[in-house]
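Asker: File query-v1.txt follows (compact mmCIF, C-alpha atoms and all ligand atoms):
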```
# COMPACT_ATOMS: atom_id res chain seq x y z
CA MET A 402 5.26 13.82 16.52
CA SER A 403 4.36 12.85 12.92
CA VAL A 404 2.98 9.50 11.77
CA VAL A 405 6.20 8.87 9.83
CA SER A 406 8.29 9.26 13.00
CA LEU A 407 5.95 6.83 14.80
CA PHE A 408 6.56 4.24 12.07
CA GLU A 409 10.28 5.00 12.17
CA ALA A 410 10.34 4.38 15.93
CA ALA A 411 8.37 1.11 15.59
CA ALA A 412 10.26 -0.20 12.54
CA GLY A 413 11.99 -3.04 14.45
CA SER A 414 8.74 -4.58 15.70
CA TYR A 415 6.58 -3.69 12.68
CA ASP A 416 6.60 -7.05 10.87
CA GLN A 417 5.78 -9.28 13.86
CA ALA A 418 2.51 -7.44 14.55
CA ARG A 419 1.19 -7.36 10.98
CA ARG A 420 -0.75 -10.62 10.95
CA ARG A 421 -2.53 -9.60 14.16
CA LEU A 422 -3.29 -6.01 13.12
CA VAL A 423 -4.46 -6.97 9.62
CA PRO A 424 -6.76 -9.91 10.41
CA CYS A 425 -7.41 -10.68 6.71
CA PHE A 426 -3.65 -10.50 5.94
CA ASP A 427 -3.41 -13.35 3.39
CA GLU A 428 -6.44 -12.41 1.24
CA PHE A 429 -5.63 -8.71 1.49
CA TYR A 430 -1.99 -8.89 0.31
CA GLY A 431 -2.75 -11.92 -1.87
CA THR A 432 -5.38 -10.01 -3.88
CA ALA A 433 -3.01 -7.07 -4.33
CA VAL A 434 -0.31 -9.38 -5.70
CA GLU A 435 -2.77 -11.15 -8.00
CA LEU A 436 -3.78 -7.79 -9.48
CA ALA A 437 -0.21 -6.57 -9.96
CA VAL A 438 1.08 -9.71 -11.65
CA PRO A 439 -0.53 -9.66 -15.17
CA PRO A 440 1.14 -6.46 -16.52
CA LEU A 441 4.45 -7.59 -14.99
CA ARG A 442 4.23 -10.94 -16.77
CA ALA A 443 3.30 -9.07 -19.97
CA ALA A 444 6.52 -7.05 -19.63
CA VAL A 445 8.52 -10.27 -19.30
CA ALA A 446 6.78 -11.64 -22.41
CA ASP A 447 7.79 -8.43 -24.26
CA GLY A 448 11.41 -8.97 -23.22
CA ARG A 449 11.43 -6.04 -20.77
CA THR A 450 12.34 -5.89 -17.08
CA PRO A 451 9.04 -5.41 -15.21
CA GLU A 452 9.11 -2.19 -13.20
CA VAL A 453 7.17 -1.82 -9.94
CA LEU A 454 6.76 1.24 -7.71
CA ASP A 455 5.65 0.57 -4.11
CA LEU A 456 4.34 3.71 -2.40
CA GLY A 457 4.62 3.85 1.40
CA ALA A 458 6.57 0.60 1.10
CA GLY A 459 7.51 0.41 4.80
CA THR A 460 9.52 -2.74 5.53
CA GLY A 461 8.80 -4.04 2.00
CA LEU A 462 6.01 -6.49 2.80
CA LEU A 463 4.06 -6.00 -0.42
CA ALA A 464 7.17 -5.43 -2.56
CA SER A 465 8.66 -8.72 -1.44
CA LEU A 466 5.44 -10.63 -2.24
CA VAL A 467 5.30 -9.04 -5.71
CA GLY A 468 9.01 -9.74 -6.24
CA ALA A 469 8.49 -13.40 -5.30
CA ALA A 470 5.52 -13.71 -7.69
CA VAL A 471 7.41 -12.32 -10.70
CA PRO A 472 11.10 -13.22 -10.56
CA GLY A 473 13.21 -10.53 -12.23
CA ALA A 474 10.77 -7.70 -11.43
CA ARG A 475 12.62 -4.53 -10.33
CA VAL A 476 11.04 -2.69 -7.42
CA THR A 477 11.36 0.96 -6.40
CA LEU A 478 10.36 1.35 -2.76
CA LEU A 479 9.30 4.82 -1.70
CA ASP A 480 8.68 5.86 1.92
CA ALA A 481 9.40 8.85 4.15
CA ALA A 482 10.79 6.65 6.95
CA PRO A 483 14.43 5.67 6.25
CA GLY A 484 14.48 3.05 9.06
CA MET A 485 11.52 1.21 7.49
CA LEU A 486 13.22 1.32 4.07
CA ALA A 487 16.50 0.00 5.53
CA LEU A 488 14.63 -3.11 6.71
CA ALA A 489 12.90 -3.38 3.32
CA ALA A 490 16.27 -3.27 1.51
CA GLU A 491 17.59 -5.99 3.85
CA HIS A 492 14.57 -8.24 3.13
CA LEU A 493 14.68 -7.76 -0.64
CA THR A 494 18.45 -8.23 -0.81
CA GLY A 495 18.04 -11.51 1.12
CA GLN A 496 15.34 -12.55 -1.30
CA GLY A 497 17.36 -11.58 -4.37
CA VAL A 498 14.80 -9.06 -5.62
CA PRO A 499 16.38 -6.18 -7.63
CA HIS A 500 15.37 -2.94 -5.94
CA ARG A 501 16.18 0.64 -5.08
CA VAL A 502 14.87 2.75 -2.23
CA GLU A 503 13.72 6.34 -2.35
CA VAL A 504 13.20 8.35 0.84
CA ALA A 505 10.42 10.74 -0.15
CA ASP A 506 7.02 12.02 0.85
CA LEU A 507 3.91 10.77 -0.92
CA ALA A 508 3.01 14.41 -1.57
CA ALA A 509 6.22 15.01 -3.56
CA PRO A 510 6.69 14.34 -7.30
CA LEU A 511 7.00 10.61 -7.99
CA PRO A 512 10.14 9.03 -9.44
CA ASP A 513 10.09 8.99 -13.23
CA GLY A 514 8.39 5.98 -14.75
CA PRO A 515 7.19 4.30 -16.68
CA TYR A 516 6.10 1.56 -14.26
CA ASP A 517 4.17 -1.56 -15.21
CA ALA A 518 2.57 -1.61 -11.77
CA VAL A 519 2.27 0.96 -9.01
CA VAL A 520 1.26 -0.72 -5.74
CA SER A 521 0.60 0.55 -2.26
CA ALA A 522 -0.53 -1.00 1.02
CA LEU A 523 -1.91 0.83 4.04
CA ALA A 524 -0.19 4.12 3.20
CA VAL A 525 -2.36 6.45 1.09
CA HIS A 526 -4.83 6.94 3.98
CA HIS A 527 -2.14 9.09 5.61
CA LEU A 528 -2.94 11.82 3.06
CA ASP A 529 -6.02 14.03 3.17
CA ASP A 530 -8.55 13.62 0.37
CA ASP A 531 -7.00 16.34 -1.86
CA GLY A 532 -3.63 14.69 -1.31
CA LYS A 533 -5.04 11.28 -2.32
CA ARG A 534 -6.59 12.71 -5.51
CA GLY A 535 -3.37 14.51 -6.42
CA LEU A 536 -1.39 11.32 -5.82
CA TYR A 537 -3.78 9.31 -8.01
CA ARG A 538 -3.22 11.83 -10.84
CA ARG A 539 0.57 11.53 -10.48
CA ILE A 540 0.39 7.72 -10.38
CA PHE A 541 -1.57 7.74 -13.65
CA GLU A 542 1.22 9.80 -15.25
CA VAL A 543 4.06 7.44 -14.25
CA LEU A 544 2.24 4.26 -15.31
CA ARG A 545 3.01 2.66 -18.65
CA PRO A 546 -0.13 2.41 -20.85
CA GLY A 547 -1.79 -0.87 -19.86
CA GLY A 548 -0.18 -0.68 -16.40
CA VAL A 549 -2.08 -1.16 -13.16
CA PHE A 550 -2.42 0.76 -9.91
CA VAL A 551 -3.30 -1.43 -6.93
CA ASN A 552 -4.16 0.07 -3.57
CA ALA A 553 -4.56 -2.29 -0.61
CA GLU A 554 -5.97 0.16 1.87
CA GLN A 555 -7.60 0.89 5.15
CA VAL A 556 -10.83 2.62 4.20
CA ALA A 557 -13.52 4.57 6.03
CA GLY A 558 -17.07 3.32 6.40
CA PRO A 559 -19.49 5.01 4.00
CA THR A 560 -21.47 6.30 7.00
CA PRO A 561 -20.36 7.21 10.55
CA GLU A 562 -22.34 4.25 11.94
CA LEU A 563 -20.58 1.81 9.58
CA ASP A 564 -17.23 3.38 10.43
CA ARG A 565 -17.89 2.76 14.13
CA LEU A 566 -18.85 -0.82 13.27
CA TYR A 567 -15.56 -1.30 11.33
CA GLU A 568 -13.66 -0.11 14.42
CA ARG A 569 -15.57 -2.42 16.81
CA VAL A 570 -15.09 -5.44 14.55
CA TRP A 571 -11.37 -4.69 14.08
CA LEU A 572 -10.81 -4.37 17.85
CA ALA A 573 -12.62 -7.67 18.48
CA GLN A 574 -10.66 -9.43 15.71
CA ILE A 575 -7.20 -8.25 16.75
CA THR A 576 -7.92 -9.02 20.41
CA ALA A 577 -8.95 -12.55 19.42
CA LEU A 578 -5.70 -12.84 17.42
CA GLY A 579 -3.64 -11.98 20.51
CA SER A 580 -2.92 -8.22 20.31
CA ASP A 581 -2.29 -7.01 23.84
CA ARG A 582 -3.20 -3.63 25.31
CA ARG A 583 0.22 -2.13 24.49
CA GLU A 584 0.09 -3.19 20.85
CA ILE A 585 -3.48 -1.94 20.46
CA GLU A 586 -2.62 1.42 22.06
CA ALA A 587 0.43 1.90 19.80
CA ALA A 588 -1.64 1.02 16.71
CA ARG A 589 -4.40 3.39 17.77
CA GLU A 590 -1.90 6.19 18.37
CA ARG A 591 -0.61 5.78 14.79
CA MET A 592 -4.20 5.53 13.55
CA SER A 593 -5.15 8.83 15.20
CA TYR A 594 -3.30 10.43 12.24
CA ASP A 595 -5.28 8.44 9.64
CA ARG A 596 -7.54 10.11 7.08
CA PRO A 597 -9.22 7.12 5.42
CA ALA A 598 -11.87 7.67 2.75
CA PRO A 599 -14.65 5.29 1.67
CA VAL A 600 -13.68 2.87 -1.07
CA GLY A 601 -16.54 3.97 -3.36
CA ALA A 602 -15.33 7.58 -3.41
CA GLN A 603 -11.75 6.50 -4.07
CA CYS A 604 -12.81 4.31 -7.02
CA ASP A 605 -14.69 7.35 -8.41
CA TRP A 606 -11.54 9.49 -8.05
CA LEU A 607 -9.52 6.91 -9.98
CA THR A 608 -12.09 6.93 -12.79
CA GLN A 609 -12.10 10.75 -12.87
CA VAL A 610 -8.32 10.75 -13.32
CA GLY A 611 -8.61 8.46 -16.37
CA PHE A 612 -8.17 4.96 -14.94
CA VAL A 613 -10.34 2.26 -16.53
CA ASP A 614 -11.65 -1.08 -15.24
CA VAL A 615 -11.69 0.39 -11.75
CA ASP A 616 -13.08 -1.92 -9.10
CA CYS A 617 -12.84 -2.98 -5.47
CA LEU A 618 -11.75 -6.61 -5.73
CA PHE A 619 -11.52 -7.50 -2.05
CA LYS A 620 -13.09 -6.03 1.05
CA SER A 621 -13.26 -7.17 4.65
CA TRP A 622 -14.64 -4.47 6.91
CA ARG A 623 -12.06 -1.62 6.88
CA PHE A 624 -9.57 -3.43 4.63
CA ALA A 625 -10.14 -3.04 0.87
CA VAL A 626 -8.12 -3.73 -2.27
CA PHE A 627 -9.07 -1.60 -5.26
CA ALA A 628 -7.38 -1.08 -8.60
CA GLY A 629 -7.54 0.63 -11.97
CA HIS A 630 -5.64 0.43 -15.25
CA ARG A 631 -4.10 3.09 -17.42
CA PRO A 632 -5.70 2.52 -20.85
CA ALA A 633 -3.43 0.59 -23.22
C1 LIG B 1 1.16 0.99 7.76
S1 LIG B 1 2.71 1.26 7.00
C2 LIG B 1 2.56 0.25 5.53
C3 LIG B 1 3.86 -0.28 5.07
C4 LIG B 1 3.78 -1.35 3.98
N1 LIG B 1 3.21 -0.83 2.77
C5 LIG B 1 3.01 -2.57 4.46
O1 LIG B 1 2.00 -2.93 3.84
O2 LIG B 1 3.40 -3.15 5.48
C6 LIG B 1 2.56 2.90 6.34
C7 LIG B 1 3.86 3.42 5.75
O3 LIG B 1 3.57 4.66 5.09
C8 LIG B 1 4.63 5.57 5.36
N2 LIG B 1 4.10 6.93 5.21
C9 LIG B 1 3.11 7.51 5.92
N3 LIG B 1 2.88 8.77 5.47
C10 LIG B 1 3.77 8.97 4.47
C11 LIG B 1 4.03 10.07 3.59
N4 LIG B 1 3.33 11.22 3.68
N5 LIG B 1 4.99 9.93 2.68
C12 LIG B 1 5.72 8.79 2.56
N6 LIG B 1 5.52 7.71 3.36
C13 LIG B 1 4.55 7.80 4.30
C14 LIG B 1 5.09 5.23 6.76
O4 LIG B 1 6.42 5.68 7.00
C15 LIG B 1 4.96 3.71 6.77
O5 LIG B 1 6.16 3.08 6.39
```
What would the structure in this file look like if it were written as structure tokens?
Answerer:
Amino acid sequence: MSVVSLFEAAAGSYDQARRRLVPCFDEFYGTAVELAVPPLRAAVADGRTPEVLDLGAGTGLLASLVGAAVPGARVTLLDAAPGMLALAAEHLTGQGVPHRVEVADLAAPLPDGPYDAVVSALAVHHLDDDGKRGLYRRIFEVLRPGGVFVNAEQVAGPTPELDRLYERVWLAQITALGSDRREIEAARERMSYDRPAPVGAQCDWLTQVGFVDVDCLFKSWRFAVFAGHRPA
């Protein structure tokens, strides 16, 4: 079984569990939206339709928050799980956000840009480190100069001890928020496929690819939001 088929099978119950499984939900997604908004508003000011690409978009959680923040923004949602994307399309249609969906693997060539913002939440850690670096190179290529890449991610601890601490804290937090044994087991099964990398290394990879003003703008244990800009 692949991680994509696990998400596909859990698509119907995915949204309800999010606030429990991502204990810092509001700050985490809120920071990602805050970072994506400026180049999208700049596009509006230039008289263009702002273009957003959401990688590993799932049920469209991040895309719908970005769409709500910048009315008129057009979102391309990419994911390998068609059932997740079907729910995303339903949500965005209901919200009146212009969108299209693309069933594709993160390792495949990206849809042609240029995009004003490329965003992603909790998806890139499904690739190994070479895959992440290759994806960051391809993202740079499809961004419009001055555009932003925002990655709201699950990251590894910089040492094995810190990684174990992240896991203990997460388990305590989600238990306190009401996750039951079944939900925790299902999440851990999906997470057994994860290949998270420390946020410091990933910021370095973005800089090596050519991104500027790279920084981690939010971090709470294993949840981090980092971003970089394609030079204008
Ligand atoms: C944890 S969900 C995140 C969904 C959404 N971004 C959110 O924040 O709720 C991870 C998503 O990544 C997708 N995914 C995992 N590996 C992928 C790959 N190699 N290519 C494309 N999508 C992938 C899964 O199908 C799933 O929808």
Asker: CA of Leu407 (chain A) and CA of Gly457 (chain A), how far apart in Å?
Answerer: 13.8 Å
Asker: So which one's closest to ligand LIG 1 (chain B), A:Ala557, A:Val471, A:Ala490, A:Ala508? Using all atoms listed in the file, please.
Answerer: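 Using all atoms listed in the file, the shortest distance to ligand LIG 1 (chain B) belongs to A:Ala508.
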Asker: Within 9 Å of ligand LIG 1 (chain B), which residues of chain A come that close, and what is the closest atom pair and distance in Å for each? Count all atoms listed in the file and give it as JSON lines.
Answerer:
```
{"residue": "A:Ser403", "atom": "CA", "partner": "B:LIG1", "partner_atom": "N3", "distance": 8.6}
{"residue": "A:Val404", "atom": "CA", "partner": "B:LIG1", "partner_atom": "C9", "distance": 6.2}
{"residue": "A:Val405", "atom": "CA", "partner": "B:LIG1", "partner_atom": "O4", "distance": 4.3}
{"residue": "A:Ser406", "atom": "CA", "partner": "B:LIG1", "partner_atom": "O4", "distance": 7.2}
{"residue": "A:Leu407", "atom": "CA", "partner": "B:LIG1", "partner_atom": "O4", "distance": 7.9}
{"residue": "A:Phe408", "atom": "CA", "partner": "B:LIG1", "partner_atom": "O4", "distance": 5.3}
{"residue": "A:Glu409", "atom": "CA", "partner": "B:LIG1", "partner_atom": "O4", "distance": 6.5}
{"residue": "A:Ala412", "atom": "CA", "partner": "B:LIG1", "partner_atom": "O5", "distance": 8.1}
{"residue": "A:Tyr415", "atom": "CA", "partner": "B:LIG1", "partner_atom": "O2", "distance": 7.9}
{"residue": "A:Asp416", "atom": "CA", "partner": "B:LIG1", "partner_atom": "O2", "distance": 7.4}
{"residue": "A:Arg419", "atom": "CA", "partner": "B:LIG1", "partner_atom": "O2", "distance": 7.3}
{"residue": "A:Tyr430", "atom": "CA", "partner": "B:LIG1", "partner_atom": "O1", "distance": 8.0}
{"residue": "A:Asp455", "atom": "CA", "partner": "B:LIG1", "partner_atom": "N1", "distance": 7.4}
{"residue": "A:Leu456", "atom": "CA", "partner": "B:LIG1", "partner_atom": "N1", "distance": 7.0}
{"residue": "A:Gly457", "atom": "CA", "partner": "B:LIG1", "partner_atom": "O3", "distance": 3.9}
{"residue": "A:Ala458", "atom": "CA", "partner": "B:LIG1", "partner_atom": "N1", "distance": 4.0}
{"residue": "A:Gly459", "atom": "CA", "partner": "B:LIG1", "partner_atom": "O5", "distance": 3.4}
{"residue": "A:Thr460", "atom": "CA", "partner": "B:LIG1", "partner_atom": "C4", "distance": 6.1}
{"residue": "A:Gly461", "atom": "CA", "partner": "B:LIG1", "partner_atom": "C4", "distance": 6.0}
{"residue": "A:Leu462", "atom": "CA", "partner": "B:LIG1", "partner_atom": "O2", "distance": 5.0}
{"residue": "A:Leu463", "atom": "CA", "partner": "B:LIG1", "partner_atom": "O1", "distance": 5.6}
{"residue": "A:Ala464", "atom": "CA", "partner": "B:LIG1", "partner_atom": "N1", "distance": 8.1}
{"residue": "A:Leu479", "atom": "CA", "partner": "B:LIG1", "partner_atom": "C12", "distance": 6.8}
{"residue": "A:Asp480", "atom": "CA", "partner": "B:LIG1", "partner_atom": "N6", "distance": 3.9}
{"residue": "A:Ala481", "atom": "CA", "partner": "B:LIG1", "partner_atom": "C12", "distance": 4.0}
{"residue": "A:Ala482", "atom": "CA", "partner": "B:LIG1", "partner_atom": "O4", "distance": 4.5}
{"residue": "A:Pro483", "atom": "CA", "partner": "B:LIG1", "partner_atom": "O4", "distance": 8.0}
{"residue": "A:Gly484", "atom": "CA", "partner": "B:LIG1", "partner_atom": "O4", "distance": 8.7}
{"residue": "A:Met485", "atom": "CA", "partner": "B:LIG1", "partner_atom": "O5", "distance": 5.8}
{"residue": "A:Leu486", "atom": "CA", "partner": "B:LIG1", "partner_atom": "O5", "distance": 7.6}
{"residue": "A:Val504", "atom": "CA", "partner": "B:LIG1", "partner_atom": "C12", "distance": 7.7}
{"residue": "A:Ala505", "atom": "CA", "partner": "B:LIG1", "partner_atom": "C12", "distance": 5.8}
{"residue": "A:Asp506", "atom": "CA", "partner": "B:LIG1", "partner_atom": "N5", "distance": 3.4}
{"residue": "A:Leu507", "atom": "CA", "partner": "B:LIG1", "partner_atom": "N5", "distance": 3.9}
{"residue": "A:Ala508", "atom": "CA", "partner": "B:LIG1", "partner_atom": "N4", "distance": 6.2}
{"residue": "A:Ala509", "atom": "CA", "partner": "B:LIG1", "partner_atom": "N5", "distance": 8.1}
{"residue": "A:Val520", "atom": "CA", "partner": "B:LIG1", "partner_atom": "N1", "distance": 8.7}
{"residue": "A:Ser521", "atom": "CA", "partner": "B:LIG1", "partner_atom": "N1", "distance": 5.8}
{"residue": "A:Ala522", "atom": "CA", "partner": "B:LIG1", "partner_atom": "N1", "distance": 4.1}
{"residue": "A:Leu523", "atom": "CA", "partner": "B:LIG1", "partner_atom": "C2", "distance": 4.7}
{"residue": "A:Ala524", "atom": "CA", "partner": "B:LIG1", "partner_atom": "O3", "distance": 4.2}
{"residue": "A:Val525", "atom": "CA", "partner": "B:LIG1", "partner_atom": "N3", "distance": 7.2}
{"residue": "A:His526", "atom": "CA", "partner": "B:LIG1", "partner_atom": "N3", "distance": 8.1}
{"residue": "A:His527", "atom": "CA", "partner": "B:LIG1", "partner_atom": "N3", "distance": 5.0}
{"residue": "A:Leu528", "atom": "CA", "partner": "B:LIG1", "partner_atom": "N4", "distance": 6.3}
{"residue": "A:Ala553", "atom": "CA", "partner": "B:LIG1", "partner_atom": "O1", "distance": 8.0}
{"residue": "A:Glu554", "atom": "CA", "partner": "B:LIG1", "partner_atom": "O1", "distance": 8.8}
{"residue": "A:Arg591", "atom": "CA", "partner": "B:LIG1", "partner_atom": "C1", "distance": 8.7}
```
Asker: Please determine, counting only C-alpha atoms, which residue among A:Leu478, A:Ala625, A:Val615, A:Val438 has the shortest atom-to-atom distance to Val600 (chain A).
Answerer: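 Nearest to Val600 (chain A): A:Ala625.
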Asker: Please indicate the distance in Å from CA of Phe541 (chain A) to CA of Glu435 (chain A), rounded to one decimal place.
Answerer: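 Atom-to-atom, CA of Phe541 (chain A) to CA of Glu435 (chain A), that is 19.8 Å.
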Asker: Counting all atoms listed in the file, which residue out of A:Val613, A:Cys425, A:Met592, A:Leu436 sits closest to Gly629 (chain A)?
Answerer: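 Ranked by minimum distance to Gly629 (chain A), first place goes to A:Val613.
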Asker: Pick the closest to Gln417 (chain A) from A:Gly548, A:Gly611, A:Gly579, A:Gly468: which is it, counting all atoms listed in the file?
Answerer: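 Closest candidate: A:Gly579.
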Asker: If we count all atoms listed in the file, what is near Thr560 (chain A) at a cut-off of 12 Å, once residues fewer than 4 positions away on the same chain are taken out, given as a PyMOL selection string?
Answerer: chain A and resi 556+564-567+598-601
Asker: Mind pulling up the distance from CA of Ala411 (chain A) to CA of His492 (chain A)?
Answerer: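 Between CA of His492 (chain A) and CA of Ala411 (chain A) the gap is 16.8 Å.
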Asker: Name the residues in contact with Pro451 (chain A) at a cut-off of 7 Å, using only C-alpha atoms, excluding same-chain residues fewer than 6 positions from it; report them as an NGL selection string.
Answerer: :A and (441 or 444-445 or 474-475 or 517)
Asker: Which residues, written as a ChimeraX atom specification, have at least one atom at most 6 Å from Arg631 (chain A), with only C-alpha atoms counted and residues fewer than 2 positions away on the same chain left out?
Answerer: /A:546-548,612
Asker: Can you write out the residues you just picked, keeping C-alpha atoms, as a PDB file, in the frame of the given file?
Answerer:
```
ATOM      1  CA  PRO A 546      -0.130   2.410 -20.850  1.00  0.00           C
ATOM      2  CA  GLY A 547      -1.790  -0.870 -19.860  1.00  0.00           C
ATOM      3  CA  GLY A 548      -0.180  -0.680 -16.400  1.00  0.00           C
ATOM      4  CA  PHE A 612      -8.170   4.960 -14.940  1.00  0.00           C
TER       5      PHE A 612
END
```
